[in-house]
Amino acid sequence: MVTRRDVASIVGLSVGLGAATAASLAVAQSADPNESTFARIRRTKKMRIGAVGGGAPYYMKDLATGQWKGFYIDIAKGLADDMEAELEITETTWGNSVLDLQSNKIDIFFGLNPTPKRALVVDFSVPVFNNAFGILCKKDFKPKSWAELNSPDIKIAVDQGSSHDQVVSRLTPKAQITRLKTADDATAALQTGRVDAQCLITMLSLTVLKKNPSLGQFVLPTPVFATTSNAGFRRETDKTWRDYVNTWIDFNKGLGFIRNAIITNMELVGVTEADIPPGVSL
């Protein structure tokens with residue numbers, strides 16, 4: 001005899017199986033391999049970025065609270081808000097950011113210099129701001145040019161795979177180049193006297209010196225190698241995401257939002273606009 005409890009169990013099982021089937025179908029439908037980044041962000045209401053833990057004033061992570069600060073965090077939050085999306089932050093390094101884009105771990109990474117090597121595998125936004133490559137040098141060493149740095153007697157540290165690495169590889173191939181995992185590791189090599197200099201983008205150089213003035217000095221070698229700081233994207237056929245970000249950047253540069261985010265966060269690490277050397281303009 002079939003009791004009411006049996007009937008209820010059968011009905012419950014049927015409902016559960018039906019719900020599970022529906023859920024599976026929904027997941028299958030949402031996991032469209034051809035879905036564009038823009039469409040996925042609009043559907044999920046989540047925007048994923050990469051951030052560098054030791055990248056102040058671009059990115060700053062409070063080790064005690066896990067909270068992120070920095071002008072690219074503020075800029076990314078502004079972008080996510082306008083996309084009506086929640087910002088999700090994945091910690092990465094300058095050297096690994098391109099790989100994270102390619103492997104679809106993140107949707108965008110702010111702070112990439114558009115080098116030809118990177119342009120082979122990822123797309124770039126319009127410039128967010130202008131910058132230049134400089135050199136942190138030990139106290140008794142003050143080279144004036146890249147040519148002076150291009151000597152077998154000079155030891156230069158860089159974070160491996162970064163734009164700093166690409167620059168010194170191109171401009172100072174005769175120097176002894178020490179490639180380390182992170183920019184902080186390269187700074188430590190300079191601080192301990194293992195190298196004579198470290199190649200860093202101007203913004204990062206000024207921040208490092210503000211934290212540790214005894215480290216040495218900042219030099220902007222001639223000729224000034226001007227570059228830009230851009231956002232990077234995974235390469236895909238649908239360019240809607242890149243085009244939207246480009247529109248957003250240009251609009252917010254015009255409003256002064258991006259410049260204000262940069263200046264405000266520079267001040268958090270003790271760097272003022274007056275500290276930026278001639279030849280470098282935001």
# chains A, B, ... in the order shown; residues from 1 in each chain; ligands from 1
$ closest_atom_pairs --of "segment 211-249 of chain A" --to "segment 69-77 of chain A" --cutoff "12 Å" --atoms "only C-alpha atoms" --output "CSV"
residue,atom,partner,partner_atom,distance
A:Ser229,CA,A:Tyr72,CA,10.6
A:Asn230,CA,A:Tyr72,CA,10.6
A:Ala231,CA,A:Tyr72,CA,9.9
A:Val245,CA,A:Ala76,CA,10.3
A:Trp248,CA,A:Ile75,CA,10.4
A:Ile249,CA,A:Ile75,CA,9.2
$ residues_around --residues "Leu112 of chain A" --least-positions-apart "4" --cutoff "12 Å" --atoms "only C-alpha atoms" --output "number ranges by chain"
A: 50-52, 58, 72, 93-98, 101, 108, 116-119, 122-131, 161-164, 201, 227-233
$ residues_around --residues "Lys139 of chain A" --least-positions-apart "2" --cutoff "10 Å" --atoms "only C-alpha atoms" --output "list in words"
Leu136, Cys137, Phe141, Lys142, Asp196, Ala197, Ser214, Leu215, Gly216, Gln217 and Phe218 of chain A
$ write_last_selection --atoms "N, CA, C and O atoms" --output "JSON list (two decimals), in the first residue's frame"
[["chain", "number", "residue", "atom", "x", "y", "z"],
["A", 136, "LEU", "N", 66.02, 53.74, -10.20],
["A", 136, "LEU", "CA", 66.40, 53.96, -8.81],
["A", 136, "LEU", "C", 67.86, 53.54, -8.69],
["A", 136, "LEU", "O", 68.21, 52.40, -9.05],
["A", 137, "CYS", "N", 68.70, 54.43, -8.19],
["A", 137, "CYS", "CA", 70.14, 54.16, -8.15],
["A", 137, "CYS", "C", 70.67, 54.24, -6.72],
["A", 137, "CYS", "O", 70.16, 54.98, -5.89],
["A", 141, "PHE", "N", 75.81, 56.51, -7.27],
["A", 141, "PHE", "CA", 75.70, 56.22, -8.69],
["A", 141, "PHE", "C", 74.57, 57.07, -9.29],
["A", 141, "PHE", "O", 73.43, 56.98, -8.87],
["A", 142, "LYS", "N", 74.91, 57.93, -10.25],
["A", 142, "LYS", "CA", 73.90, 58.80, -10.85],
["A", 142, "LYS", "C", 74.12, 58.90, -12.36],
["A", 142, "LYS", "O", 74.64, 59.90, -12.87],
["A", 196, "ASP", "N", 73.31, 47.83, -8.80],
["A", 196, "ASP", "CA", 73.56, 49.27, -8.78],
["A", 196, "ASP", "C", 72.29, 50.08, -8.97],
["A", 196, "ASP", "O", 72.22, 51.25, -8.57],
["A", 197, "ALA", "N", 71.29, 49.46, -9.60],
["A", 197, "ALA", "CA", 70.09, 50.22, -9.95],
["A", 197, "ALA", "C", 68.90, 49.28, -10.15],
["A", 197, "ALA", "O", 69.07, 48.06, -10.33],
["A", 214, "SER", "N", 66.64, 56.55, 2.21],
["A", 214, "SER", "CA", 68.05, 56.14, 2.28],
["A", 214, "SER", "C", 68.42, 55.14, 1.18],
["A", 214, "SER", "O", 69.60, 54.80, 1.03],
["A", 215, "LEU", "N", 67.43, 54.70, 0.42],
["A", 215, "LEU", "CA", 67.69, 53.71, -0.62],
["A", 215, "LEU", "C", 68.64, 54.23, -1.68],
["A", 215, "LEU", "O", 69.49, 53.49, -2.18],
["A", 216, "GLY", "N", 68.49, 55.51, -2.01],
["A", 216, "GLY", "CA", 69.34, 56.10, -3.06],
["A", 216, "GLY", "C", 68.67, 57.29, -3.68],
["A", 216, "GLY", "O", 68.17, 58.16, -2.98],
["A", 217, "GLN", "N", 68.61, 57.32, -5.00],
["A", 217, "GLN", "CA", 68.06, 58.46, -5.70],
["A", 217, "GLN", "C", 67.34, 58.03, -6.97],
["A", 217, "GLN", "O", 67.59, 56.93, -7.49],
["A", 218, "PHE", "N", 66.46, 58.89, -7.46],
["A", 218, "PHE", "CA", 65.74, 58.61, -8.69],
["A", 218, "PHE", "C", 66.37, 59.37, -9.84],
["A", 218, "PHE", "O", 66.69, 60.55, -9.73]]
$ atom_distance --atom1 "atom CA of Thr37 of chain A" --atom2 "atom CA of Asp100 of chain A"
14.1 Å
$ residues_around --residues "Glu86 of chain A" --least-positions-apart "4" --cutoff "8 Å" --atoms "only C-alpha atoms" --output "CSV table (one decimal) with N, CA, C and O atoms, in the first residue's frame"
chain,number,residue,atom,x,y,z
A,45,LYS,N,26.7,40.6,-13.3
A,45,LYS,CA,26.8,41.8,-12.5
A,45,LYS,C,28.1,41.7,-11.7
A,45,LYS,O,28.2,42.2,-10.5
A,46,LYS,N,29.2,41.1,-12.2
A,46,LYS,CA,30.5,41.0,-11.6
A,46,LYS,C,31.6,41.4,-12.6
A,46,LYS,O,31.6,40.9,-13.7
A,47,MET,N,32.5,42.3,-12.1
A,47,MET,CA,33.6,42.7,-13.0
A,47,MET,C,34.9,42.3,-12.2
A,47,MET,O,35.1,42.8,-11.1
A,80,ALA,N,33.2,49.8,-12.5
A,80,ALA,CA,32.2,48.8,-12.1
A,80,ALA,C,30.9,49.4,-11.7
A,80,ALA,O,29.8,48.9,-12.1
A,81,ASP,N,30.9,50.5,-11.0
A,81,ASP,CA,29.7,51.2,-10.7
A,81,ASP,C,28.9,51.6,-11.9
A,81,ASP,O,27.6,51.4,-12.0
$ residues_around --residues "segment 273-282 of chain A" --least-positions-apart "5" --cutoff "8 Å" --atoms "only C-alpha atoms" --output "compact mmCIF listing (two decimals) with N, CA, C and O atoms, in the first residue's frame"
# COMPACT_ATOMS: atom_id res chain seq x y z
N PHE A 129 46.87 57.49 -18.31
CA PHE A 129 47.71 58.65 -18.03
C PHE A 129 49.10 58.41 -18.61
O PHE A 129 49.43 57.30 -19.02
N ASN A 130 49.90 59.46 -18.66
CA ASN A 130 51.25 59.37 -19.20
C ASN A 130 52.26 59.05 -18.09
O ASN A 130 52.06 59.43 -16.94
N ASN A 131 53.35 58.40 -18.47
CA ASN A 131 54.37 58.03 -17.50
C ASN A 131 55.71 57.90 -18.22
O ASN A 131 55.80 58.14 -19.42
N ALA A 132 56.74 57.53 -17.51
CA ALA A 132 58.06 57.34 -18.12
C ALA A 132 58.84 56.34 -17.27
O ALA A 132 58.61 56.20 -16.07
N THR A 202 58.08 55.73 -13.28
CA THR A 202 58.27 56.91 -12.43
C THR A 202 57.39 56.89 -11.19
O THR A 202 57.86 57.16 -10.07
N LEU A 206 59.02 56.96 -7.32
CA LEU A 206 58.80 58.04 -6.35
C LEU A 206 58.21 57.50 -5.05
O LEU A 206 58.57 57.93 -3.96
N LEU A 220 65.94 60.06 -14.11
CA LEU A 220 65.18 59.91 -15.35
C LEU A 220 66.18 59.99 -16.50
O LEU A 220 66.54 61.08 -16.95
N VAL A 224 64.43 60.64 -22.54
CA VAL A 224 63.29 60.20 -21.73
C VAL A 224 62.47 59.20 -22.55
O VAL A 224 62.05 59.49 -23.67
N ALA A 226 59.31 57.96 -22.81
CA ALA A 226 57.93 58.21 -22.40
C ALA A 226 57.04 57.04 -22.77
O ALA A 226 57.22 56.40 -23.82
N ARG A 259 42.28 62.01 -13.03
CA ARG A 259 43.38 62.81 -12.49
C ARG A 259 43.24 62.96 -10.97
O ARG A 259 44.22 62.83 -10.23
N ILE A 263 46.05 61.81 -8.13
CA ILE A 263 46.67 62.76 -7.20
C ILE A 263 46.34 62.42 -5.76
O ILE A 263 47.21 62.42 -4.88
$ closest_residue --among "A:Gln67, A:Thr240, A:Ile135, A:Ile49" --to "Leu87 of chain A" --atoms "only C-alpha atoms"
A:Ile49
$ select_by_dssp --residues "segment 200-273 of chain A" --states "strand (DSSP E)" --output "list of chain:residue names"
A:Leu200, A:Ile201, A:Gln217, A:Phe218, A:Val219, A:Ala226, A:Thr227, A:Thr228, A:Ser229, A:Asn230, A:Ala231, A:Gly232, A:Phe233, A:Arg234
$ write_last_selection --atoms "all heavy atoms" --output "JSON list (two decimals), in the first residue's frame"
[["chain", "number", "residue", "atom", "x", "y", "z"],
["A", 200, "LEU", "N", 62.27, 51.14, -12.80],
["A", 200, "LEU", "CA", 60.87, 51.22, -12.35],
["A", 200, "LEU", "C", 60.19, 52.38, -13.06],
["A", 200, "LEU", "O", 60.83, 53.39, -13.38],
["A", 200, "LEU", "CB", 60.79, 51.48, -10.83],
["A", 200, "LEU", "CG", 60.66, 50.29, -9.89],
["A", 200, "LEU", "CD1", 60.53, 50.82, -8.46],
["A", 200, "LEU", "CD2", 59.45, 49.43, -10.22],
["A", 201, "ILE", "N", 58.90, 52.24, -13.26],
["A", 201, "ILE", "CA", 58.14, 53.35, -13.80],
["A", 201, "ILE", "C", 58.18, 54.50, -12.80],
["A", 201, "ILE", "O", 58.32, 54.30, -11.60],
["A", 201, "ILE", "CB", 56.69, 52.89, -14.10],
["A", 201, "ILE", "CG1", 56.06, 53.71, -15.21],
["A", 201, "ILE", "CG2", 55.82, 52.90, -12.86],
["A", 201, "ILE", "CD1", 56.56, 53.36, -16.58],
["A", 217, "GLN", "N", 68.61, 57.32, -5.00],
["A", 217, "GLN", "CA", 68.06, 58.46, -5.70],
["A", 217, "GLN", "C", 67.34, 58.03, -6.97],
["A", 217, "GLN", "O", 67.59, 56.93, -7.49],
["A", 217, "GLN", "CB", 69.17, 59.44, -6.06],
["A", 217, "GLN", "CG", 70.28, 58.81, -6.89],
["A", 217, "GLN", "CD", 71.56, 59.59, -6.81],
["A", 217, "GLN", "OE1", 71.56, 60.78, -6.60],
["A", 217, "GLN", "NE2", 72.69, 58.91, -6.99],
["A", 218, "PHE", "N", 66.46, 58.89, -7.46],
["A", 218, "PHE", "CA", 65.74, 58.61, -8.69],
["A", 218, "PHE", "C", 66.37, 59.37, -9.84],
["A", 218, "PHE", "O", 66.69, 60.55, -9.73],
["A", 218, "PHE", "CB", 64.27, 59.02, -8.55],
["A", 218, "PHE", "CG", 63.49, 58.91, -9.83],
["A", 218, "PHE", "CD1", 63.16, 57.67, -10.35],
["A", 218, "PHE", "CD2", 63.11, 60.04, -10.53],
["A", 218, "PHE", "CE1", 62.45, 57.55, -11.54],
["A", 218, "PHE", "CE2", 62.40, 59.95, -11.72],
["A", 218, "PHE", "CZ", 62.06, 58.69, -12.23],
["A", 219, "VAL", "N", 66.55, 58.68, -10.96],
["A", 219, "VAL", "CA", 67.12, 59.29, -12.16],
["A", 219, "VAL", "C", 66.18, 59.02, -13.33],
["A", 219, "VAL", "O", 65.70, 57.89, -13.49],
["A", 219, "VAL", "CB", 68.52, 58.71, -12.47],
["A", 219, "VAL", "CG1", 69.03, 59.24, -13.81],
["A", 219, "VAL", "CG2", 69.50, 59.03, -11.36],
["A", 226, "ALA", "N", 59.31, 57.96, -22.81],
["A", 226, "ALA", "CA", 57.93, 58.21, -22.40],
["A", 226, "ALA", "C", 57.04, 57.04, -22.77],
["A", 226, "ALA", "O", 57.22, 56.40, -23.82],
["A", 226, "ALA", "CB", 57.42, 59.50, -23.04],
["A", 227, "THR", "N", 56.09, 56.74, -21.93],
["A", 227, "THR", "CA", 55.15, 55.67, -22.19],
["A", 227, "THR", "C", 53.80, 56.05, -21.61],
["A", 227, "THR", "O", 53.63, 57.16, -21.10],
["A", 227, "THR", "CB", 55.65, 54.34, -21.59],
["A", 227, "THR", "OG1", 54.75, 53.29, -21.98],
["A", 227, "THR", "CG2", 55.73, 54.40, -20.08],
["A", 228, "THR", "N", 52.86, 55.17, -21.70],
["A", 228, "THR", "CA", 51.54, 55.42, -21.13],
["A", 228, "THR", "C", 51.14, 54.25, -20.26],
["A", 228, "THR", "O", 51.66, 53.14, -20.39],
["A", 228, "THR", "CB", 50.48, 55.60, -22.24],
["A", 228, "THR", "OG1", 50.45, 54.43, -23.07],
["A", 228, "THR", "CG2", 50.77, 56.83, -23.09],
["A", 229, "SER", "N", 50.22, 54.52, -19.34],
["A", 229, "SER", "CA", 49.65, 53.46, -18.52],
["A", 229, "SER", "C", 48.25, 53.19, -19.04],
["A", 229, "SER", "O", 47.42, 54.11, -19.10],
["A", 229, "SER", "CB", 49.61, 53.89, -17.05],
["A", 229, "SER", "OG", 49.14, 52.83, -16.24],
["A", 230, "ASN", "N", 48.00, 51.96, -19.44],
["A", 230, "ASN", "CA", 46.75, 51.59, -20.09],
["A", 230, "ASN", "C", 46.09, 50.42, -19.38],
["A", 230, "ASN", "O", 46.69, 49.81, -18.49],
["A", 230, "ASN", "CB", 47.00, 51.19, -21.55],
["A", 230, "ASN", "CG", 47.69, 52.26, -22.37],
["A", 230, "ASN", "OD1", 48.70, 52.81, -21.96],
["A", 230, "ASN", "ND2", 47.16, 52.56, -23.54],
["A", 231, "ALA", "N", 44.89, 50.10, -19.80],
["A", 231, "ALA", "CA", 44.23, 48.88, -19.34],
["A", 231, "ALA", "C", 44.44, 47.80, -20.38],
["A", 231, "ALA", "O", 44.51, 48.08, -21.58],
["A", 231, "ALA", "CB", 42.74, 49.11, -19.13],
["A", 232, "GLY", "N", 44.57, 46.55, -19.93],
["A", 232, "GLY", "CA", 44.71, 45.42, -20.83],
["A", 232, "GLY", "C", 43.47, 44.55, -20.80],
["A", 232, "GLY", "O", 42.78, 44.46, -19.78],
["A", 233, "PHE", "N", 43.18, 43.90, -21.94],
["A", 233, "PHE", "CA", 42.02, 43.02, -22.07],
["A", 233, "PHE", "C", 42.42, 41.71, -22.73],
["A", 233, "PHE", "O", 43.33, 41.68, -23.55],
["A", 233, "PHE", "CB", 40.94, 43.66, -22.97],
["A", 233, "PHE", "CG", 40.60, 45.08, -22.64],
["A", 233, "PHE", "CD1", 41.26, 46.12, -23.29],
["A", 233, "PHE", "CD2", 39.64, 45.38, -21.70],
["A", 233, "PHE", "CE1", 40.95, 47.44, -23.01],
["A", 233, "PHE", "CE2", 39.33, 46.69, -21.41],
["A", 233, "PHE", "CZ", 39.98, 47.73, -22.06],
["A", 234, "ARG", "N", 41.70, 40.66, -22.40],
["A", 234, "ARG", "CA", 41.85, 39.41, -23.12],
["A", 234, "ARG", "C", 41.40, 39.64, -24.56],
["A", 234, "ARG", "O", 40.39, 40.29, -24.81],
["A", 234, "ARG", "CB", 41.00, 38.32, -22.47],
["A", 234, "ARG", "CG", 41.11, 36.94, -23.12],
["A", 234, "ARG", "CD", 40.34, 35.90, -22.33],
["A", 234, "ARG", "NE", 38.93, 36.24, -22.18],
["A", 234, "ARG", "CZ", 38.41, 36.83, -21.11],
["A", 234, "ARG", "NH1", 39.19, 37.17, -20.08],
["A", 234, "ARG", "NH2", 37.13, 37.10, -21.04]]
$ closest_residue --among "A:Leu79, A:Leu268, A:Lys155, A:Asp140" --to "Thr247 of chain A" --atoms "only C-alpha atoms"
A:Leu79
$ closest_residue --among "A:Pro143, A:Gly111, A:Gly254, A:Pro152" --to "Ala56 of chain A" --atoms "only C-alpha atoms"
A:Gly111
$ select_by_dssp --residues "segment 30-71 of chain A" --states "helix (DSSP H, G or I)" --output "list of chain:residue names"
A:Ser30, A:Thr37, A:Phe38, A:Ala39, A:Arg40, A:Ile41, A:Arg42, A:Arg43, A:Thr44, A:Phe71
$ write_last_selection --atoms "all heavy atoms" --output "compact mmCIF listing (two decimals), in the first residue's frame"
# COMPACT_ATOMS: atom_id res chain seq x y z
N SER A 30 24.21 29.35 -19.33
CA SER A 30 25.00 30.53 -18.97
C SER A 30 26.48 30.35 -19.31
O SER A 30 27.20 31.31 -19.47
CB SER A 30 24.86 30.83 -17.47
OG SER A 30 25.41 29.78 -16.70
N THR A 37 33.04 39.16 -22.95
CA THR A 37 33.30 39.67 -21.61
C THR A 37 32.24 40.70 -21.22
O THR A 37 31.73 40.68 -20.09
CB THR A 37 34.69 40.31 -21.54
OG1 THR A 37 35.67 39.30 -21.83
CG2 THR A 37 34.97 40.90 -20.17
N PHE A 38 31.93 41.59 -22.14
CA PHE A 38 30.92 42.62 -21.85
C PHE A 38 29.59 41.98 -21.50
O PHE A 38 28.94 42.37 -20.51
CB PHE A 38 30.76 43.54 -23.06
CG PHE A 38 29.81 44.69 -22.84
CD1 PHE A 38 30.23 45.87 -22.24
CD2 PHE A 38 28.48 44.59 -23.23
CE1 PHE A 38 29.36 46.92 -22.03
CE2 PHE A 38 27.59 45.64 -23.02
CZ PHE A 38 28.04 46.81 -22.43
N ALA A 39 29.16 40.99 -22.27
CA ALA A 39 27.88 40.32 -22.02
C ALA A 39 27.90 39.59 -20.68
O ALA A 39 26.90 39.60 -19.94
CB ALA A 39 27.56 39.35 -23.16
N ARG A 40 29.05 38.95 -20.36
CA ARG A 40 29.11 38.21 -19.10
C ARG A 40 29.04 39.15 -17.90
O ARG A 40 28.37 38.87 -16.91
CB ARG A 40 30.41 37.39 -19.03
CG ARG A 40 30.47 36.45 -17.83
CD ARG A 40 31.89 36.00 -17.53
NE ARG A 40 32.76 37.15 -17.30
CZ ARG A 40 32.76 37.87 -16.19
NH1 ARG A 40 31.95 37.56 -15.19
NH2 ARG A 40 33.59 38.89 -16.07
N ILE A 41 29.73 40.29 -17.98
CA ILE A 41 29.68 41.27 -16.88
C ILE A 41 28.26 41.78 -16.69
O ILE A 41 27.77 41.89 -15.56
CB ILE A 41 30.64 42.43 -17.14
CG1 ILE A 41 32.10 41.94 -17.11
CG2 ILE A 41 30.45 43.54 -16.10
CD1 ILE A 41 33.11 42.98 -17.51
N ARG A 42 27.58 42.08 -17.78
CA ARG A 42 26.20 42.58 -17.69
C ARG A 42 25.26 41.51 -17.15
O ARG A 42 24.33 41.82 -16.41
CB ARG A 42 25.73 43.05 -19.07
CG ARG A 42 26.51 44.23 -19.62
CD ARG A 42 26.29 45.49 -18.79
NE ARG A 42 24.96 46.04 -19.01
CZ ARG A 42 24.38 46.95 -18.22
NH1 ARG A 42 25.01 47.38 -17.14
NH2 ARG A 42 23.19 47.40 -18.49
N ARG A 43 25.53 40.24 -17.49
CA ARG A 43 24.66 39.16 -17.02
C ARG A 43 24.90 38.83 -15.55
O ARG A 43 23.96 38.69 -14.77
CB ARG A 43 24.89 37.90 -17.89
CG ARG A 43 24.10 36.68 -17.41
CD ARG A 43 24.32 35.49 -18.32
NE ARG A 43 25.73 35.11 -18.41
CZ ARG A 43 26.36 34.38 -17.48
NH1 ARG A 43 25.73 33.98 -16.38
NH2 ARG A 43 27.64 34.05 -17.64
N THR A 44 26.19 38.70 -15.17
CA THR A 44 26.51 38.27 -13.81
C THR A 44 26.58 39.43 -12.82
O THR A 44 26.57 39.20 -11.61
CB THR A 44 27.88 37.55 -13.79
OG1 THR A 44 28.90 38.48 -14.18
CG2 THR A 44 27.87 36.36 -14.74
N PHE A 71 44.97 54.22 -6.72
CA PHE A 71 44.17 54.96 -7.68
C PHE A 71 43.55 54.06 -8.75
O PHE A 71 42.47 54.35 -9.25
CB PHE A 71 44.93 56.14 -8.30
CG PHE A 71 46.14 55.84 -9.12
CD1 PHE A 71 46.04 55.30 -10.39
CD2 PHE A 71 47.41 56.17 -8.65
CE1 PHE A 71 47.16 55.08 -11.17
CE2 PHE A 71 48.54 55.94 -9.42
CZ PHE A 71 48.42 55.40 -10.68
$ atom_distance --atom1 "atom CA of Asn104 of chain A" --atom2 "atom CA of Ala85 of chain A"
17.5 Å
$ closest_residue --among "A:Val195, A:Ala147, A:Ala186, A:Ile262" --to "Pro173 of chain A" --atoms "only C-alpha atoms"
A:Ala147
